[in-house]
Amino acid sequence: MDKPITIGEVISIVDEFKPNTRTTNEKIKWLSDLDSSVKTDILDTHEGSKDIDFSGYDENTPLDTPLLIPAQYGREIYRHYLELQIDLINKEYNRYNAAAAEYQSHYQNFALYWHNHHLPLQKAQFHF
């Protein structure tokens with residue numbers, strides 16, 4: 001796997017490819033929201049999740065903080081997620097739909113990868 005992608009790298013990529021007026025703090029909040037969902041919906045449902053520490057990001061979080069999704073998937077997931085948030089706020093719905101489709105495609109690929117490489121947690125044990 002690649003080295004993890006950081007908050008600052010994702011924000012730089014988005015700002016380079018999609019000039020915008022959103023603040024760094026807004027983007028950090030969006031990344032925190034996304035990683036919170038990833039942690040809850042994907043990582044915490046599989047073995048090894050207890051080794052992954054996540055308590056959210058805020059304006060005090062260093063920009064060199066690694067994000068949760070491995071870079072091979074995360075680069076595109078995080079980029080398109082921030083782009084769709086920007087497009088939604090700007091009421092650019094055609095662009096929003098395009099970014100959302102890209103985001104969803106990459107997110108599904110990551111989820112499939114995670115499900116295929118990590119055993120699901122056992123919720124209950126049956127005794128006969």
# chains A, B, ... in the order shown; residues from 1 in each chain; ligands from 1

$ closest_atom_pairs --of "range 45-88 of chain A" --to "range 94-111 of chain A" --cutoff "10 Å" --atoms "only C-alpha atoms" --output "tab-separated table"
residue	atom	partner	partner_atom	distance
A:Ile69	CA	A:Phe110	CA	8.0
A:Pro70	CA	A:Phe110	CA	8.7
A:Gln72	CA	A:Phe110	CA	8.9
A:Tyr73	CA	A:Phe110	CA	5.9
A:Gly74	CA	A:Phe110	CA	8.1
A:Arg75	CA	A:His106	CA	9.5
A:Glu76	CA	A:His106	CA	6.7
A:Ile77	CA	A:Tyr103	CA	5.3
A:Tyr78	CA	A:Tyr103	CA	7.8
A:Arg79	CA	A:Tyr103	CA	8.1
A:His80	CA	A:Tyr103	CA	5.1
A:Tyr81	CA	A:Tyr103	CA	5.9
A:Leu82	CA	A:Ala99	CA	8.9
A:Glu83	CA	A:Ala99	CA	6.4
A:Leu84	CA	A:Tyr96	CA	4.8
A:Gln85	CA	A:Tyr96	CA	7.6
A:Ile86	CA	A:Tyr96	CA	8.1
A:Asp87	CA	A:Tyr96	CA	5.0
A:Leu88	CA	A:Tyr96	CA	5.9

$ write_last_selection --atoms "N, CA and C atoms" --output "mmCIF file, in the first residue's frame"
data_model
loop_
_atom_site.group_PDB
_atom_site.id
_atom_site.type_symbol
_atom_site.label_atom_id
_atom_site.label_comp_id
_atom_site.auth_asym_id
_atom_site.auth_seq_id
_atom_site.Cartn_x
_atom_site.Cartn_y
_atom_site.Cartn_z
ATOM 1 N N ILE A 69 -8.555 6.279 4.849
ATOM 2 C CA ILE A 69 -8.610 5.434 3.650
ATOM 3 C C ILE A 69 -7.230 5.386 3.009
ATOM 4 N N PRO A 70 -6.720 4.187 2.699
ATOM 5 C CA PRO A 70 -5.412 4.087 2.047
ATOM 6 C C PRO A 70 -5.359 4.928 0.766
ATOM 7 N N GLN A 72 -4.267 4.613 -2.190
ATOM 8 C CA GLN A 72 -4.632 4.069 -3.499
ATOM 9 C C GLN A 72 -6.126 4.235 -3.778
ATOM 10 N N TYR A 73 -6.937 4.313 -2.745
ATOM 11 C CA TYR A 73 -8.364 4.573 -2.896
ATOM 12 C C TYR A 73 -8.706 5.987 -2.430
ATOM 13 N N GLY A 74 -8.071 6.406 -1.377
ATOM 14 C CA GLY A 74 -8.411 7.663 -0.726
ATOM 15 C C GLY A 74 -8.205 8.902 -1.557
ATOM 16 N N ARG A 75 -7.160 8.913 -2.364
ATOM 17 C CA ARG A 75 -6.860 10.102 -3.161
ATOM 18 C C ARG A 75 -8.095 10.549 -3.950
ATOM 19 N N GLU A 76 -8.732 9.626 -4.619
ATOM 20 C CA GLU A 76 -9.910 9.961 -5.430
ATOM 21 C C GLU A 76 -11.165 10.121 -4.571
ATOM 22 N N ILE A 77 -11.319 9.284 -3.568
ATOM 23 C CA ILE A 77 -12.509 9.382 -2.708
ATOM 24 C C ILE A 77 -12.559 10.736 -2.030
ATOM 25 N N TYR A 78 -11.484 11.122 -1.374
ATOM 26 C CA TYR A 78 -11.462 12.393 -0.650
ATOM 27 C C TYR A 78 -11.587 13.575 -1.608
ATOM 28 N N ARG A 79 -10.893 13.501 -2.732
ATOM 29 C CA ARG A 79 -10.968 14.596 -3.713
ATOM 30 C C ARG A 79 -12.406 14.818 -4.174
ATOM 31 N N HIS A 80 -13.050 13.759 -4.619
ATOM 32 C CA HIS A 80 -14.405 13.904 -5.148
ATOM 33 C C HIS A 80 -15.407 14.265 -4.050
ATOM 34 N N TYR A 81 -15.163 13.793 -2.838
ATOM 35 C CA TYR A 81 -16.053 14.149 -1.735
ATOM 36 C C TYR A 81 -15.988 15.651 -1.459
ATOM 37 N N LEU A 82 -14.795 16.206 -1.401
ATOM 38 C CA LEU A 82 -14.685 17.652 -1.193
ATOM 39 C C LEU A 82 -15.270 18.424 -2.374
ATOM 40 N N GLU A 83 -15.024 17.944 -3.587
ATOM 41 C CA GLU A 83 -15.586 18.616 -4.762
ATOM 42 C C GLU A 83 -17.110 18.618 -4.732
ATOM 43 N N LEU A 84 -17.715 17.506 -4.363
ATOM 44 C CA LEU A 84 -19.183 17.478 -4.349
ATOM 45 C C LEU A 84 -19.734 18.392 -3.269
ATOM 46 N N GLN A 85 -19.042 18.509 -2.141
ATOM 47 C CA GLN A 85 -19.485 19.449 -1.101
ATOM 48 C C GLN A 85 -19.413 20.892 -1.602
ATOM 49 N N ILE A 86 -18.335 21.217 -2.286
ATOM 50 C CA ILE A 86 -18.174 22.563 -2.856
ATOM 51 C C ILE A 86 -19.269 22.831 -3.884
ATOM 52 N N ASP A 87 -19.500 21.869 -4.765
ATOM 53 C CA ASP A 87 -20.524 22.038 -5.801
ATOM 54 C C ASP A 87 -21.918 22.182 -5.198
ATOM 55 N N LEU A 88 -22.200 21.451 -4.150
ATOM 56 C CA LEU A 88 -23.504 21.551 -3.495
ATOM 57 C C LEU A 88 -23.707 22.949 -2.913
#

$ closest_atom_pairs --of "range 37-60 of chain A" --to "range 4-11 of chain A" --cutoff "12 Å" --atoms "only C-alpha atoms" --output "tab-separated table"
residue	atom	partner	partner_atom	distance
A:Gly56	CA	A:Ile7	CA	11.8
A:Tyr57	CA	A:Ile7	CA	9.3
A:Asp58	CA	A:Ile7	CA	10.8
A:Glu59	CA	A:Ile7	CA	11.3

$ select_by_dssp --residues "range 45-81 of chain A" --states "alpha helix (DSSP H)" --output "list in words"
Ala71, Gln72, Tyr73, Gly74, Arg75, Glu76, Ile77, Tyr78, Arg79, His80 and Tyr81 of chain A

$ residues_around --residues "Thr61 in chain A" --least-positions-apart "6" --cutoff "12 Å" --atoms "only C-alpha atoms" --output "count of residues only"
13

$ select_by_dssp --residues "chain A" --states "strand (DSSP E or B)" --output "number ranges by chain"
A: 6, 46, 66, 120

$ write_last_selection --atoms "N, CA and C atoms" --output "PDB file, in the first residue's frame"
ATOM      1  N   THR A   6      -2.572  12.666   3.333  1.00  0.00           N
ATOM      2  CA  THR A   6      -2.833  13.537   4.484  1.00  0.00           C
ATOM      3  C   THR A   6      -3.932  14.549   4.179  1.00  0.00           C
ATOM      4  N   HIS A  46     -15.176  -4.773  10.858  1.00  0.00           N
ATOM      5  CA  HIS A  46     -14.220  -5.811  10.501  1.00  0.00           C
ATOM      6  C   HIS A  46     -13.130  -5.929  11.561  1.00  0.00           C
ATOM      7  N   PRO A  66      -2.518  11.839   8.686  1.00  0.00           N
ATOM      8  CA  PRO A  66      -2.983  10.893   7.665  1.00  0.00           C
ATOM      9  C   PRO A  66      -4.478  10.616   7.808  1.00  0.00           C
ATOM     10  N   PRO A 120     -15.024 -10.026   8.674  1.00  0.00           N
ATOM     11  CA  PRO A 120     -16.066  -9.288   9.405  1.00  0.00           C
ATOM     12  C   PRO A 120     -16.062  -9.705  10.876  1.00  0.00           C
TER      13      PRO A 120
END
